[in-house]
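What follows is the content of model.tsv, which has TSV, C-alpha atoms:
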chain	number	residue	atom	x	y	z
A	1	ASP	CA	91.35	74.88	123.55
A	2	GLN	CA	92.05	78.01	125.57
A	3	GLN	CA	95.71	78.87	125.93
A	4	VAL	CA	95.07	81.62	128.49
A	5	LYS	CA	92.57	80.89	131.24
A	6	GLN	CA	91.01	83.12	133.82
A	7	ASN	CA	88.96	80.68	135.83
A	8	SER	CA	87.19	83.23	138.04
A	9	PRO	CA	84.59	85.17	136.06
A	10	SER	CA	84.07	87.55	138.97
A	11	LEU	CA	85.64	88.72	142.21
A	12	SER	CA	84.26	90.96	144.95
A	13	VAL	CA	86.57	92.75	147.39
A	14	GLN	CA	86.13	95.32	150.12
A	15	GLU	CA	87.71	98.74	149.61
A	16	GLY	CA	91.18	98.91	151.14
A	17	ARG	CA	91.75	95.16	150.92
A	18	ILE	CA	93.91	93.28	148.43
A	19	SER	CA	92.48	92.08	145.13
A	20	ILE	CA	94.17	89.05	143.59
A	21	LEU	CA	93.33	88.13	140.02
A	22	ASN	CA	94.67	84.88	138.65
A	23	CYS	CA	95.60	83.65	135.20
A	24	ASP	CA	96.93	80.32	133.90
A	25	TYR	CA	98.46	79.58	130.55
A	26	THR	CA	99.32	76.40	128.70
A	27	ASN	CA	101.86	77.42	126.07
A	28	SER	CA	105.43	77.33	127.38
A	29	MET	CA	106.52	79.47	124.41
A	30	PHE	CA	104.75	82.52	125.83
A	31	ASP	CA	107.39	84.99	126.99
A	32	TYR	CA	105.53	88.23	127.66
A	33	PHE	CA	102.42	88.72	129.74
A	34	LEU	CA	100.10	91.69	130.13
A	35	TRP	CA	97.09	92.77	132.11
A	36	TYR	CA	94.43	94.99	130.61
A	37	LYS	CA	91.57	96.72	132.37
A	38	LYS	CA	88.22	97.42	130.74
A	39	TYR	CA	85.42	99.71	131.86
A	40	PRO	CA	81.93	99.34	130.34
A	41	ALA	CA	81.56	101.06	126.94
A	42	GLU	CA	85.32	101.54	126.66
A	43	GLY	CA	88.11	99.56	125.06
A	44	PRO	CA	90.66	97.68	127.18
A	45	THR	CA	93.54	99.79	128.47
A	46	PHE	CA	97.00	98.47	129.20
A	47	LEU	CA	97.76	98.18	132.91
A	48	ILE	CA	101.00	96.33	133.55
A	49	SER	CA	103.22	93.72	131.93
A	50	ILE	CA	105.96	91.25	132.79
A	51	SER	CA	108.62	89.52	130.77
A	52	SER	CA	109.37	85.85	131.34
A	53	ILE	CA	112.87	86.75	132.57
A	54	LYS	CA	111.31	88.32	135.66
A	55	ASP	CA	109.04	86.94	138.36
A	56	LYS	CA	107.66	90.23	139.66
A	57	ASN	CA	106.86	93.67	138.32
A	58	GLU	CA	105.43	96.48	140.40
A	59	ASP	CA	103.77	99.74	139.42
A	60	GLY	CA	102.22	101.67	142.27
A	61	ARG	CA	99.29	99.71	143.70
A	62	PHE	CA	99.59	97.05	140.98
A	63	THR	CA	101.99	94.10	141.10
A	64	VAL	CA	102.15	91.21	138.68
A	65	PHE	CA	103.73	87.93	139.74
A	66	LEU	CA	104.86	85.24	137.31
A	67	ASN	CA	105.45	81.60	138.21
A	68	LYS	CA	106.84	80.01	135.07
A	69	SER	CA	107.06	76.49	136.43
A	70	ALA	CA	103.36	76.59	137.28
A	71	LYS	CA	102.47	78.60	134.15
A	72	HIS	CA	100.60	80.98	136.39
A	73	LEU	CA	100.49	84.71	136.82
A	74	SER	CA	98.56	86.91	139.16
A	75	LEU	CA	97.73	90.58	139.49
A	76	HIS	CA	97.65	92.08	142.98
A	77	ILE	CA	95.95	95.38	143.64
A	78	VAL	CA	96.53	96.87	147.07
A	79	PRO	CA	94.82	98.77	148.47
A	80	SER	CA	91.77	98.20	146.26
A	81	GLN	CA	89.64	101.23	145.42
A	82	PRO	CA	86.08	101.48	144.07
A	83	GLY	CA	87.48	102.96	140.85
A	84	ASP	CA	89.32	99.68	140.26
A	85	SER	CA	85.97	98.00	139.57
A	86	ALA	CA	86.28	96.78	135.97
A	87	VAL	CA	86.92	93.68	133.91
A	88	TYR	CA	90.55	92.59	133.96
A	89	PHE	CA	91.99	90.64	131.03
A	90	CYS	CA	95.15	88.61	131.17
A	91	ALA	CA	97.04	88.29	127.87
A	92	ALA	CA	100.10	86.41	126.73
A	93	SER	CA	102.33	87.07	123.78
A	94	GLY	CA	102.80	84.11	121.46
A	95	PRO	CA	105.80	83.22	119.29
A	96	ARG	CA	104.73	85.66	116.56
A	97	GLY	CA	104.04	88.41	119.04
A	98	ASN	CA	100.25	88.36	118.75
A	99	LEU	CA	98.34	88.54	122.02
A	100	ILE	CA	96.16	85.70	123.29
A	101	PHE	CA	93.57	86.91	125.79
A	102	GLY	CA	91.73	85.25	128.63
A	103	LYS	CA	87.97	85.65	129.09
A	104	GLY	CA	88.38	88.26	131.80
A	105	THR	CA	87.54	88.59	135.49
A	106	LYS	CA	85.04	91.17	136.63
A	107	LEU	CA	86.31	92.88	139.78
A	108	SER	CA	83.90	94.70	142.07
A	109	VAL	CA	85.39	96.79	144.85
A	110	LYS	CA	82.77	97.67	147.44
A	111	PRO	CA	83.05	100.85	149.55
B	112	GLU	CA	92.34	113.81	118.99
B	113	THR	CA	94.61	111.28	120.56
B	114	GLY	CA	94.61	107.51	120.84
B	115	VAL	CA	92.52	105.13	118.80
B	116	THR	CA	89.11	106.24	117.54
B	117	GLN	CA	86.44	103.91	116.23
B	118	THR	CA	83.23	104.81	114.41
B	119	PRO	CA	80.40	104.15	114.65
B	120	ARG	CA	80.04	103.26	118.33
B	121	HIS	CA	76.87	101.28	117.65
B	122	LEU	CA	75.64	99.66	114.44
B	123	VAL	CA	72.50	97.66	113.72
B	124	MET	CA	72.37	95.99	110.32
B	125	GLY	CA	70.30	93.43	108.49
B	126	MET	CA	71.83	90.29	107.05
B	127	THR	CA	71.70	91.65	103.50
B	128	ASN	CA	73.27	95.03	104.30
B	129	LYS	CA	76.80	96.20	103.56
B	130	LYS	CA	78.47	98.42	106.13
B	131	SER	CA	81.98	99.42	107.17
B	132	LEU	CA	83.64	99.97	110.53
B	133	LYS	CA	86.31	102.64	110.69
B	134	CYS	CA	89.35	102.94	112.93
B	135	GLU	CA	91.87	105.76	113.14
B	136	GLN	CA	94.96	105.91	115.31
B	137	HIS	CA	96.84	109.07	116.22
B	138	LEU	CA	99.75	107.40	118.01
B	139	GLY	CA	102.17	107.02	115.11
B	140	HIS	CA	102.02	103.23	115.41
B	141	ASN	CA	102.89	100.94	112.53
B	142	ALA	CA	100.66	97.95	113.30
B	143	MET	CA	96.87	97.76	113.51
B	144	TYR	CA	94.52	94.99	114.55
B	145	TRP	CA	90.87	93.96	114.52
B	146	TYR	CA	89.60	91.97	117.49
B	147	LYS	CA	86.16	90.51	118.13
B	148	GLN	CA	84.67	90.22	121.59
B	149	SER	CA	81.62	87.99	121.92
B	150	ALA	CA	79.74	87.42	125.15
B	151	LYS	CA	81.55	85.07	127.53
B	152	LYS	CA	84.42	84.51	125.12
B	153	PRO	CA	87.99	85.79	125.08
B	154	LEU	CA	89.00	88.57	122.75
B	155	GLU	CA	89.60	86.93	119.38
B	156	LEU	CA	92.20	88.27	117.00
B	157	MET	CA	90.78	88.67	113.49
B	158	PHE	CA	93.34	90.55	111.40
B	159	VAL	CA	96.77	92.11	111.81
B	160	TYR	CA	98.28	94.75	109.58
B	161	SER	CA	101.94	95.63	109.90
B	162	LEU	CA	103.26	98.54	107.83
B	163	GLU	CA	99.98	98.42	105.89
B	164	GLU	CA	100.49	94.80	104.85
B	165	ARG	CA	98.11	92.15	106.15
B	166	VAL	CA	100.29	89.75	108.10
B	167	GLU	CA	97.62	87.63	109.73
B	168	ASN	CA	94.13	86.49	108.93
B	169	ASN	CA	92.89	84.30	111.73
B	170	SER	CA	90.55	82.08	109.71
B	171	VAL	CA	87.97	84.80	109.51
B	172	PRO	CA	84.99	84.24	107.14
B	173	SER	CA	85.14	86.18	103.88
B	174	ARG	CA	82.05	88.19	104.84
B	175	PHE	CA	84.56	90.25	106.87
B	176	SER	CA	86.96	92.16	104.65
B	177	PRO	CA	89.66	94.42	106.14
B	178	GLU	CA	91.33	97.34	104.44
B	179	CYS	CA	94.34	99.35	105.57
B	180	PRO	CA	94.90	102.29	103.20
B	181	ASN	CA	97.66	103.79	105.37
B	182	SER	CA	99.27	103.27	108.76
B	183	SER	CA	96.70	105.48	110.53
B	184	HIS	CA	93.48	104.03	109.15
B	185	LEU	CA	91.89	100.61	109.25
B	186	PHE	CA	88.49	99.55	107.96
B	187	LEU	CA	86.42	96.42	108.36
B	188	HIS	CA	83.93	95.96	105.54
B	189	LEU	CA	80.92	93.83	106.41
B	190	HIS	CA	78.52	92.10	104.04
B	191	THR	CA	75.88	89.37	104.37
B	192	LEU	CA	76.58	88.93	108.06
B	193	GLN	CA	74.85	86.41	110.30
B	194	PRO	CA	73.18	87.08	113.67
B	195	GLU	CA	76.03	85.20	115.40
B	196	ASP	CA	78.39	87.92	114.14
B	197	SER	CA	76.80	90.31	116.63
B	198	ALA	CA	79.62	91.32	118.97
B	199	LEU	CA	81.90	94.15	120.05
B	200	TYR	CA	84.52	94.82	117.40
B	201	LEU	CA	87.68	96.39	118.74
B	202	CYS	CA	90.45	98.06	116.82
B	203	ALA	CA	93.93	98.32	118.29
B	204	SER	CA	97.33	99.64	117.32
B	205	SER	CA	100.88	99.05	118.46
B	206	GLN	CA	104.43	99.89	117.52
B	207	GLU	CA	106.35	96.98	116.07
B	208	VAL	CA	110.04	97.33	116.79
B	209	GLY	CA	112.76	95.37	115.05
B	210	GLN	CA	112.35	92.64	112.47
B	211	GLY	CA	111.84	88.91	112.34
B	212	LEU	CA	112.69	86.91	115.43
B	213	SER	CA	114.05	89.93	117.26
B	214	SER	CA	110.93	92.02	116.81
B	215	TYR	CA	108.49	92.85	119.53
B	216	ASN	CA	105.33	94.90	119.84
B	217	SER	CA	104.56	97.63	122.32
B	218	PRO	CA	101.37	97.02	124.34
B	219	LEU	CA	98.21	97.36	122.30
B	220	HIS	CA	96.18	100.54	122.46
B	221	PHE	CA	92.51	99.82	121.91
B	222	GLY	CA	89.66	101.94	120.65
B	223	ASN	CA	86.32	101.94	122.43
B	224	GLY	CA	84.84	99.48	119.97
B	225	THR	CA	81.80	99.25	117.73
B	226	ARG	CA	78.87	97.34	119.19
B	227	LEU	CA	77.43	95.48	116.17
B	228	THR	CA	73.99	93.89	116.14
B	229	VAL	CA	72.96	91.81	113.13
B	230	THR	CA	69.21	91.32	112.81
As C-alpha coordinates, what does this structure read like?
Amino acid sequence: DQQVKQNSPSLSVQEGRISILNCDYTNSMFDYFLWYKKYPAEGPTFLISISSIKDKNEDGRFTVFLNKSAKHLSLHIVPSQPGDSAVYFCAASGPRGNLIFGKGTKLSVKP
Amino acid sequence: ETGVTQTPRHLVMGMTNKKSLKCEQHLGHNAMYWYKQSAKKPLELMFVYSLEERVENNSVPSRFSPECPNSSHLFLHLHTLQPEDSALYLCASSQEVGQGLSSYNSPLHFGNGTRLTVT
(Lines of atoms letter the chains of each structure in order from A and count residues from 1; the text may use other names and numbers.)
(Lines give C-alpha, C1' and ligand atoms only; values in the text may rest on other atoms or scores of the structure.)
Protein backbone atom coordinates (compact mmCIF):
# COMPACT_ATOMS: atom_id res chain seq x y z
CA ASP A 1 0.00 0.00 0.00
CA GLN A 2 1.41 3.36 -1.03
CA GLN A 3 2.13 5.71 1.82
CA VAL A 4 2.83 8.68 -0.46
CA LYS A 5 0.49 9.22 -3.39
CA GLN A 6 0.70 11.53 -6.34
CA ASN A 7 -2.58 10.88 -8.08
CA SER A 8 -1.90 12.96 -11.20
CA PRO A 9 0.66 11.27 -13.44
CA SER A 10 0.87 14.36 -15.63
CA LEU A 11 0.04 18.06 -15.70
CA SER A 12 0.18 20.56 -18.54
CA VAL A 13 0.36 24.31 -17.87
CA GLN A 14 0.83 27.40 -19.99
CA GLU A 15 4.01 29.43 -19.48
CA GLY A 16 3.47 32.23 -16.97
CA ARG A 17 0.59 30.47 -15.22
CA ILE A 18 0.65 28.69 -11.87
CA SER A 19 1.50 24.99 -11.65
CA ILE A 20 0.04 23.13 -8.69
CA LEU A 21 1.32 19.64 -7.94
CA ASN A 22 -0.44 17.63 -5.28
CA CYS A 23 0.62 14.90 -2.90
CA ASP A 24 -1.24 12.90 -0.24
CA TYR A 25 0.20 10.74 2.48
CA THR A 26 -1.26 8.20 4.86
CA ASN A 27 1.26 7.90 7.69
CA SER A 28 0.65 10.46 10.44
CA MET A 29 4.18 9.81 11.75
CA PHE A 30 5.72 11.57 8.75
CA ASP A 31 7.22 14.85 9.93
CA TYR A 32 9.34 16.10 7.05
CA PHE A 33 8.33 16.46 3.43
CA LEU A 34 10.37 17.16 0.32
CA TRP A 35 9.91 17.80 -3.37
CA TYR A 36 12.42 16.56 -5.91
CA LYS A 37 12.62 17.42 -9.59
CA LYS A 38 13.92 15.04 -12.23
CA TYR A 39 14.95 15.73 -15.80
CA PRO A 40 15.31 12.82 -18.27
CA ALA A 41 18.66 10.99 -17.99
CA GLU A 42 19.45 12.74 -14.71
CA GLY A 43 18.95 11.83 -11.07
CA PRO A 44 16.36 13.64 -8.94
CA THR A 45 17.49 16.95 -7.47
CA PHE A 46 16.22 18.42 -4.23
CA LEU A 47 13.88 21.36 -4.73
CA ILE A 48 12.21 22.40 -1.50
CA SER A 49 11.18 20.93 1.84
CA ILE A 50 8.84 21.58 4.75
CA SER A 51 8.78 20.44 8.33
CA SER A 52 5.52 19.40 9.95
CA ILE A 53 5.75 22.34 12.36
CA LYS A 54 5.13 24.70 9.44
CA ASP A 55 2.31 24.98 6.95
CA LYS A 56 4.13 26.94 4.25
CA ASN A 57 7.66 27.29 2.93
CA GLU A 58 8.63 29.56 0.08
CA ASP A 59 11.75 29.69 -2.08
CA GLY A 60 11.57 32.05 -5.02
CA ARG A 61 8.96 30.81 -7.50
CA PHE A 62 8.39 27.62 -5.48
CA THR A 63 6.08 27.34 -2.47
CA VAL A 64 5.15 24.19 -0.61
CA PHE A 65 1.97 24.07 1.45
CA LEU A 66 1.27 21.46 4.11
CA ASN A 67 -2.17 20.59 5.47
CA LYS A 68 -1.55 18.12 8.26
CA SER A 69 -5.18 17.48 9.09
CA ALA A 70 -5.83 16.48 5.49
CA LYS A 71 -2.44 14.75 5.13
CA HIS A 72 -1.93 16.74 1.97
CA LEU A 73 0.85 18.85 0.57
CA SER A 74 1.15 20.79 -2.63
CA LEU A 75 3.89 22.47 -4.62
CA HIS A 76 3.07 25.76 -6.33
CA ILE A 77 5.27 27.10 -9.10
CA VAL A 78 4.52 30.64 -10.21
CA PRO A 79 5.14 31.84 -12.79
CA SER A 80 5.77 28.53 -14.57
CA GLN A 81 8.58 28.44 -17.12
CA PRO A 82 9.34 25.94 -19.90
CA GLY A 83 12.50 24.93 -18.03
CA ASP A 84 10.30 23.71 -15.18
CA SER A 85 9.12 20.84 -17.40
CA ALA A 86 10.25 17.71 -15.52
CA VAL A 87 8.96 14.95 -13.29
CA TYR A 88 8.28 16.09 -9.74
CA PHE A 89 8.49 13.62 -6.87
CA CYS A 90 6.96 14.16 -3.48
CA ALA A 91 8.73 12.42 -0.58
CA ALA A 92 8.06 12.04 3.11
CA SER A 93 10.45 11.20 5.88
CA GLY A 94 9.43 8.22 8.00
CA PRO A 95 10.16 7.55 11.67
CA ARG A 96 13.65 6.24 10.89
CA GLY A 97 14.40 9.13 8.58
CA ASN A 98 14.29 7.16 5.33
CA LEU A 99 12.41 8.80 2.47
CA ILE A 100 9.24 7.34 0.99
CA PHE A 101 8.60 8.62 -2.53
CA GLY A 102 5.49 9.06 -4.61
CA LYS A 103 5.31 7.88 -8.23
CA GLY A 104 5.88 11.37 -9.59
CA THR A 105 3.95 13.88 -11.69
CA LYS A 106 5.23 14.87 -15.11
CA LEU A 107 4.86 18.62 -15.57
CA SER A 108 4.86 20.11 -19.05
CA VAL A 109 5.03 23.89 -19.32
CA LYS A 110 4.09 25.05 -22.80
CA PRO A 111 5.45 28.31 -24.25
CA GLU B 1 34.31 16.31 -9.69
CA THR B 2 31.49 17.26 -7.41
CA GLY B 3 28.27 15.60 -6.34
CA VAL B 4 27.38 11.97 -6.77
CA THR B 5 28.81 10.03 -9.71
CA GLN B 6 27.51 6.69 -10.92
CA THR B 7 29.09 4.33 -13.43
CA PRO B 8 28.24 2.89 -15.82
CA ARG B 9 25.35 5.01 -17.11
CA HIS B 10 23.94 2.08 -19.08
CA LEU B 11 24.40 -1.65 -18.58
CA VAL B 12 23.01 -4.61 -20.50
CA MET B 13 23.62 -8.00 -18.95
CA GLY B 14 22.47 -11.57 -19.37
CA MET B 15 20.86 -13.49 -16.54
CA THR B 16 24.01 -15.51 -15.89
CA ASN B 17 26.38 -12.53 -15.81
CA LYS B 18 27.99 -10.89 -12.79
CA LYS B 19 28.40 -7.13 -12.87
CA SER B 20 28.83 -4.27 -10.42
CA LEU B 21 27.44 -0.76 -10.25
CA LYS B 22 29.68 1.90 -8.76
CA CYS B 23 28.82 5.09 -6.92
CA GLU B 24 31.14 7.79 -5.62
CA GLN B 25 30.20 10.87 -3.65
CA HIS B 26 32.35 13.97 -3.28
CA LEU B 27 30.14 15.79 -0.78
CA GLY B 28 31.67 14.57 2.47
CA HIS B 29 28.41 12.84 3.41
CA ASN B 30 28.28 9.97 5.87
CA ALA B 31 25.26 8.05 4.56
CA MET B 32 24.74 6.38 1.18
CA TYR B 33 21.74 4.71 -0.40
CA TRP B 34 20.69 2.52 -3.31
CA TYR B 35 17.27 3.16 -4.82
CA LYS B 36 15.50 1.34 -7.64
CA GLN B 37 13.16 3.09 -10.04
CA SER B 38 10.97 0.84 -12.17
CA ALA B 39 8.52 2.10 -14.75
CA LYS B 40 5.34 3.52 -13.22
CA LYS B 41 6.46 2.76 -9.69
CA PRO B 42 7.75 4.99 -6.89
CA LEU B 43 11.43 5.11 -6.08
CA GLU B 44 12.09 2.07 -3.90
CA LEU B 45 14.72 2.15 -1.19
CA MET B 46 17.00 -0.89 -1.39
CA PHE B 47 19.89 -0.35 1.00
CA VAL B 48 21.14 2.29 3.43
CA TYR B 49 24.67 2.63 4.70
CA SER B 50 25.44 4.97 7.57
CA LEU B 51 29.08 5.47 8.54
CA GLU B 52 29.90 2.48 6.31
CA GLU B 53 27.60 0.15 8.24
CA ARG B 54 24.55 -1.27 6.52
CA VAL B 55 21.60 -0.02 8.54
CA GLU B 56 18.77 -1.07 6.28
CA ASN B 57 18.08 -3.83 3.81
CA ASN B 58 14.60 -3.39 2.43
CA SER B 59 13.82 -7.05 1.73
CA VAL B 60 15.99 -7.04 -1.34
CA PRO B 61 16.72 -10.42 -3.01
CA SER B 62 20.20 -11.81 -2.37
CA ARG B 63 21.07 -11.51 -6.07
CA PHE B 64 21.73 -7.85 -5.17
CA SER B 65 24.72 -7.45 -2.88
CA PRO B 66 25.86 -4.01 -1.69
CA GLU B 67 29.33 -3.06 -0.54
CA CYS B 68 30.49 0.14 1.12
CA PRO B 69 34.29 0.09 1.51
CA ASN B 70 34.42 3.70 2.76
CA SER B 71 32.13 6.68 3.21
CA SER B 72 32.73 7.92 -0.36
CA HIS B 73 32.15 4.71 -2.30
CA LEU B 74 29.22 2.37 -2.69
CA PHE B 75 28.89 -0.66 -4.94
CA LEU B 76 25.99 -2.85 -5.95
CA HIS B 77 27.10 -6.30 -7.05
CA LEU B 78 24.67 -8.08 -9.36
CA HIS B 79 24.49 -11.78 -10.15
CA THR B 80 21.92 -14.09 -11.76
CA LEU B 81 19.46 -11.25 -12.24
CA GLN B 82 16.01 -11.63 -13.76
CA PRO B 83 14.48 -9.56 -16.59
CA GLU B 84 12.14 -7.92 -14.06
CA ASP B 85 15.23 -6.42 -12.39
CA SER B 86 15.61 -4.12 -15.38
CA ALA B 87 15.26 -0.61 -13.98
CA LEU B 88 17.08 2.63 -13.21
CA TYR B 89 19.32 2.20 -10.19
CA LEU B 90 20.02 5.40 -8.32
CA CYS B 91 22.66 6.06 -5.73
CA ALA B 92 22.24 8.87 -3.22
CA SER B 93 24.09 10.35 -0.29
CA SER B 94 23.18 12.52 2.66
CA GLN B 95 24.62 13.85 5.87
CA GLU B 96 23.22 12.22 8.98
CA VAL B 97 23.32 14.60 11.89
CA GLY B 98 22.91 13.58 15.52
CA GLN B 99 22.17 10.14 16.87
CA GLY B 100 19.19 7.96 17.63
CA LEU B 101 15.82 9.65 17.96
CA SER B 102 17.30 13.12 17.60
CA SER B 103 19.06 12.39 14.34
CA TYR B 104 18.00 13.71 11.00
CA ASN B 105 19.28 13.51 7.44
CA SER B 106 20.02 16.34 5.07
CA PRO B 107 18.14 16.10 1.74
CA LEU B 108 19.40 13.31 -0.48
CA HIS B 109 21.76 14.08 -3.33
CA PHE B 110 21.27 11.64 -6.17
CA GLY B 111 23.53 10.46 -8.94
CA ASN B 112 22.29 10.25 -12.51
CA GLY B 113 21.63 6.54 -12.22
CA THR B 114 22.55 3.38 -14.09
CA ARG B 115 19.97 2.18 -16.60
CA LEU B 116 20.12 -1.62 -16.27
CA THR B 117 18.64 -4.00 -18.82
CA VAL B 118 18.63 -7.72 -18.08
CA THR B 119 18.18 -9.91 -21.15
Ref. answer, residues at most 9 Å from (76.1, 98.5, 109.7) with all atoms listed in the file, as number ranges by chain: B: 119, 121-125, 128-132, 189-190, 227-229
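CA of Ala92 (chain A) lies 27.6 Å from CA of Asn181 (chain B).
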Using all atoms listed in the file, find each residue in chain A having at least one atom no more than 9 Å away from chain B; report its shortest atom-to-atom pair and that distance in Å (one decimal), rows by chain then rising number, as a Markdown table.
| residue | atom | partner | partner_atom | distance |
| --- | --- | --- | --- | --- |
| A:Gln2 | CA | B:Pro153 | CA | 8.8 |
| A:Val4 | CA | B:Pro153 | CA | 8.9 |
| A:Leu34 | CA | B:Pro218 | CA | 8.0 |
| A:Ala41 | CA | B:Asn223 | CA | 6.6 |
| A:Glu42 | CA | B:Asn223 | CA | 4.4 |
| A:Gly43 | CA | B:Asn223 | CA | 4.0 |
| A:Pro44 | CA | B:Phe221 | CA | 6.0 |
| A:Thr45 | CA | B:His220 | CA | 6.6 |
| A:Phe46 | CA | B:Pro218 | CA | 6.7 |
| A:Ser49 | CA | B:Pro218 | CA | 8.5 |
| A:Phe89 | CA | B:Pro153 | CA | 8.7 |
| A:Pro95 | CA | B:Leu212 | CA | 8.7 |
| A:Arg96 | CA | B:Leu212 | CA | 8.1 |
| A:Gly97 | CA | B:Tyr215 | CA | 6.3 |
| A:Asn98 | CA | B:Leu156 | CA | 8.2 |
| A:Leu99 | CA | B:Leu156 | CA | 7.9 |
| A:Ile100 | CA | B:Leu154 | CA | 7.7 |
| A:Phe101 | CA | B:Leu154 | CA | 5.7 |
| A:Gly102 | CA | B:Pro153 | CA | 5.2 |
| A:Lys103 | CA | B:Pro153 | CA | 4.0 |
| A:Gly104 | CA | B:Pro153 | CA | 7.2 |
Selected residue, from B:Leu162, B:Val208, B:Ala198, B:Met157, that lies nearest to Cys179 (chain B) when counting all atoms listed in the file: B:Leu162
Shell around Ser74 (chain A) at 8 Å using all atoms listed in the file, local window under 3 positions removed, as a list in words: Ile20, Leu21, Asn22, Cys23, Val64, Phe65 and Leu66 of chain A
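Rounded to one decimal, CA of Val171 (chain B) and CA of Tyr39 (chain A) lie 27.0 Å from each other.
Taking CA of Pro82 (chain A) as the reference point, CA of Ser8 (chain A) is found at 19.3 Å.
The nearest approach to Thr118 (chain B) among the residues B:Ser197, B:Leu192, B:Phe186, B:Asn168, with all atoms listed in the file taken into account, belongs to B:Phe186.
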Exercise: Ala70 (chain A) partners within 10 Å, only C-alpha atoms, chain neighbours under 4 positions left out, as a VMD selection string: chain A and resid 24 to 26 66
